Amino acid sequence: MQELYNLNIERAVLSAIIFDPEIYEEVASYLKPKDFYLPFHQHLFAAMERLFEKEQPIDEEFLRKELQKEDKFDEIAMIEVLSANPITNTKAYVSEIKAYSNKRSLVTLATEIKKLTIEDDLEAIDVMDRVEQKLYEITQESVNDDFKASEKIAVDTLNEIERLKALSNSKLIGVDTGFENLNDKTSGFGKGDLVIIAARPAMGKTAIVLNMALKALERGEGVAFFSLEMPAEQLMMRMLAAKTSIPLQALRVGNLVDDEWTRLTSAMDEMSRRKLFVDDGGYATIHHVRSKLRKLKSQHPEVSLAIIDYLQLMSGENRSQAGRQQEISEISRGLKQLARELEIPIIALSQLNRSLESRENKRPMLSDLRESGAIEQDADIILFVYRDGIYKENQIKEKLERAKAEDKQSDVEKYEALYNELKRREEDETELIIGKQRNGPTGTVELLFQKRFTRFIDKNPKAAPYEVIFESGDYDTSEGKVEIPPTI
């Protein structure tokens with residue numbers, strides 16, 4: 001049976017640190033106390049860490065005092081460490097210790113699986129979730145890449161330039177957003193980007209990402225969709241409405257004429273062959289998303305986009321131990337790391353704070369993001385969906401109700417006519433506000449929302465570049481940065 005530790009190697013590394021304390025920091029970047037097998041070696045390495053933090057010497061005398069404080073000093077074991085043969089290739093020895101540590105972790109996990117399955121009598125899905133989590137922790141601890149050397153960076157950069165040249169000078173160098181005007185401003189979503197799309201309720205938060213997903217599917221790409229609010233069938237229904245130009249309400253009740261049934265059947269046949277993968281379980285942690293998306297990407301490399309609807313419905317791994325802001329920080333950071341690992345953009349929908357409703361200018365800004373600090377820091381692109389027509393409808397409705405309460409018949413007739421006119425409009429002008437873009441300008445993209453089909457389209461495709469520039473979410477109208485359309 002193969003040994004799961006090597007005490008001579010452990011002693012050699014610890015001895016090397018005592019005789020040359022300058023190497024401690026490099027060793028500590030790879031190893032933790034638990035990576036050592038012998039308990040005394042664990043205590044000794046932990047004592048080195050404490051001395052380093054206190055900027056005290058890491059030598060025999062100070063280590064002895066530090067360990068004696070906790071009654072963990074072992075004279076014989078210390079002599080064995082100090083008597084170890086000197087080594088020159090510390091990195092190779094450190095790698096061996098880490099490899100043994102990982103093997104022991106796997107053995108411990110195997111024992112834990114047996115306990116969870118038989119003694120604790122947990123459901124299979126709970127056992128598998130725990131196993132995946134522990135495996136990921138072991139994997140993460142075993143990965144510790146060095147700096148990239150200049151030579152490799154230069155080669156990788158040249159390859160990227162050649163890839164861009166092959167696009168025939170196209171402005172689109174990332175994943176197609178599905179909207180020409182947005183592509184012009186962003187050059188597409190970058191591989192590894194975390195994209196946040198935020199809006200207040202009724203603005204089409206979900207509809208716009210479904211449009212993006214539909215365009216990706218039509219290009220033959222794969223899309224992963226984590227739906228925490230809506231079942232997969234409802235998502236498909238909305239996509240079919242956008243694709244076939246059949247009103248969503250007609251699809252909901254099955255009230256279709258012959259021509260619409262023909263279009264629906266054709267679209268359904270096409271969609272059944274597309275690579276859309278929906279997780280609509282209604283529950284997700286960052287571990288859950290990470291595990292499922294990794295597996296899906298390995299099975300279907302054509303997956304080029306992942307969507308999460310929405311971020312605030314996700315749970316952190318340590319919910320009982322952390323506040324909500326820390327939880328959101330863990331989630332957003334985890335999504336960003338996952339996007340980079342899988343080299344695909346991840347789009348997460350996000351809520352906005354209600355406080356913006358009290359402002360006269362209700363266009364969102366970065367500070368309106370709920371739990372905004374971590375999200376704003378981790379996101380590469382932040383987009384806000386804003387439809388002024390929603391607020392105009394609400395304003396007219398309020399005036400109508402007031403006129404009815406005050407029995408002002410002429411005002412009632414006027415506001416009823418205005419309200420009905422607004423409700424009858426088939427298209428709503430929409431602003432897609434780029435509140436943050438790590439590698440590009442901020443500004444506004446104009447879209448049209450076709451209500452009956454829950455479909456967004458470009459307004460004036462290939463329009464001239466936008467003029468409005470927002471700095472760090474500052475939409476201060478006193479400086480003339482934003483021209484606000486008149487409200488009714």
# chains A, B, ... in the order shown; residues from 1 in each chain; ligands from 1

call {"tool": "select_by_dssp", "arguments": {"residues": "range 331-368 of chain A", "states": "strand (DSSP E or B)", "output": "list in words"}}
result
Ile346, Ile347, Ala348, Leu349, Ser350, Gln351 and Leu352 of chain A

call {"tool": "write_last_selection", "arguments": {"atoms": "N, CA and C atoms", "output": "short mmCIF file (atom, residue, chain, number, x, y, z; two decimals), in the first residue's frame"}}
result
data_model
loop_
_atom_site.label_atom_id
_atom_site.label_comp_id
_atom_site.auth_asym_id
_atom_site.auth_seq_id
_atom_site.Cartn_x
_atom_site.Cartn_y
_atom_site.Cartn_z
N ILE A 346 -20.68 35.50 -18.47
CA ILE A 346 -21.81 35.13 -17.61
C ILE A 346 -22.63 36.40 -17.38
N ILE A 347 -23.92 36.32 -17.73
CA ILE A 347 -24.83 37.45 -17.53
C ILE A 347 -25.68 37.16 -16.32
N ALA A 348 -25.67 38.08 -15.35
CA ALA A 348 -26.50 37.92 -14.16
C ALA A 348 -27.45 39.11 -14.05
N LEU A 349 -28.73 38.83 -13.89
CA LEU A 349 -29.69 39.90 -13.68
C LEU A 349 -29.64 40.32 -12.21
N SER A 350 -29.91 41.60 -11.99
CA SER A 350 -29.82 42.12 -10.63
C SER A 350 -30.96 43.09 -10.35
N GLN A 351 -31.34 43.16 -9.10
CA GLN A 351 -32.36 44.10 -8.68
C GLN A 351 -31.76 45.48 -8.43
N LEU A 352 -32.63 46.48 -8.50
CA LEU A 352 -32.24 47.85 -8.14
C LEU A 352 -32.99 48.25 -6.88
#

call {"tool": "residues_around", "arguments": {"residues": "Leu194 in chain A", "least_positions_apart": "6", "cutoff": "10 Å", "atoms": "only C-alpha atoms", "output": "list of chain:residue names"}}
result
A:Ala306, A:Ser332, A:Arg333, A:Leu335, A:Lys336, A:Gln337, A:Leu338, A:Ala339, A:Arg340, A:Ile344, A:Pro345, A:Ile346, A:Ile347, A:Ala348, A:Ile375, A:Asp378, A:Ala379, A:Asp380, A:Ile381, A:Ile382

call {"tool": "write_last_selection", "arguments": {"atoms": "N, CA and C atoms", "output": "tab-separated table (two decimals), in the first residue's frame"}}
result
chain	number	residue	atom	x	y	z
A	306	ALA	N	-23.73	32.04	-20.41
A	306	ALA	CA	-24.52	31.56	-19.27
A	306	ALA	C	-25.28	32.74	-18.69
A	332	SER	N	-20.89	37.17	-6.36
A	332	SER	CA	-20.42	37.91	-7.53
A	332	SER	C	-18.97	37.59	-7.85
A	333	ARG	N	-18.15	37.44	-6.81
A	333	ARG	CA	-16.75	37.09	-7.04
A	333	ARG	C	-16.64	35.69	-7.63
A	335	LEU	N	-18.89	34.15	-9.47
A	335	LEU	CA	-19.34	34.18	-10.87
A	335	LEU	C	-18.26	34.74	-11.78
A	336	LYS	N	-17.56	35.76	-11.31
A	336	LYS	CA	-16.48	36.35	-12.12
A	336	LYS	C	-15.36	35.33	-12.34
A	337	GLN	N	-14.98	34.63	-11.27
A	337	GLN	CA	-13.92	33.62	-11.40
A	337	GLN	C	-14.35	32.48	-12.33
A	338	LEU	N	-15.63	32.10	-12.25
A	338	LEU	CA	-16.14	31.03	-13.10
A	338	LEU	C	-16.16	31.45	-14.56
A	339	ALA	N	-16.53	32.69	-14.82
A	339	ALA	CA	-16.53	33.20	-16.20
A	339	ALA	C	-15.13	33.13	-16.79
A	340	ARG	N	-14.14	33.51	-16.01
A	340	ARG	CA	-12.74	33.46	-16.48
A	340	ARG	C	-12.28	32.03	-16.69
A	344	ILE	N	-16.19	32.13	-20.88
A	344	ILE	CA	-17.45	32.54	-21.48
A	344	ILE	C	-17.99	33.73	-20.68
A	345	PRO	N	-18.79	34.60	-21.31
A	345	PRO	CA	-19.43	35.64	-20.52
A	345	PRO	C	-20.56	35.05	-19.69
A	346	ILE	N	-20.68	35.50	-18.47
A	346	ILE	CA	-21.81	35.13	-17.61
A	346	ILE	C	-22.63	36.40	-17.38
A	347	ILE	N	-23.92	36.32	-17.73
A	347	ILE	CA	-24.83	37.45	-17.53
A	347	ILE	C	-25.68	37.16	-16.32
A	348	ALA	N	-25.67	38.08	-15.35
A	348	ALA	CA	-26.50	37.92	-14.16
A	348	ALA	C	-27.45	39.11	-14.05
A	375	ILE	N	-20.89	43.91	-6.35
A	375	ILE	CA	-21.32	43.73	-7.74
A	375	ILE	C	-20.60	44.71	-8.64
A	378	ASP	N	-16.86	43.64	-9.10
A	378	ASP	CA	-16.56	42.42	-9.85
A	378	ASP	C	-17.01	42.47	-11.30
A	379	ALA	N	-18.06	43.22	-11.60
A	379	ALA	CA	-18.62	43.23	-12.95
A	379	ALA	C	-17.69	43.91	-13.95
A	380	ASP	N	-17.64	43.35	-15.16
A	380	ASP	CA	-16.91	44.00	-16.26
A	380	ASP	C	-17.80	44.99	-16.99
A	381	ILE	N	-19.07	44.63	-17.12
A	381	ILE	CA	-20.06	45.50	-17.77
A	381	ILE	C	-21.32	45.52	-16.91
A	382	ILE	N	-21.87	46.72	-16.70
A	382	ILE	CA	-23.15	46.86	-16.00
A	382	ILE	C	-24.10	47.63	-16.91

call {"tool": "residues_around", "arguments": {"residues": "Lys362 in chain A", "least_positions_apart": "5", "cutoff": "9 Å", "atoms": "only C-alpha atoms", "output": "MDAnalysis selection string"}}
result
chainID A and resid 356:357 386 388 391

call {"tool": "atom_distance", "arguments": {"atom1": "CA of Ser227 in chain A", "atom2": "CA of Asp309 in chain A"}}
result
5.1 Å

call {"tool": "select_by_dssp", "arguments": {"residues": "range 215-309 of chain A", "states": "helix (DSSP H, G or I)", "output": "ChimeraX atom specification"}}
result
/A:215-218,232-244,248-253,258-272,286-299
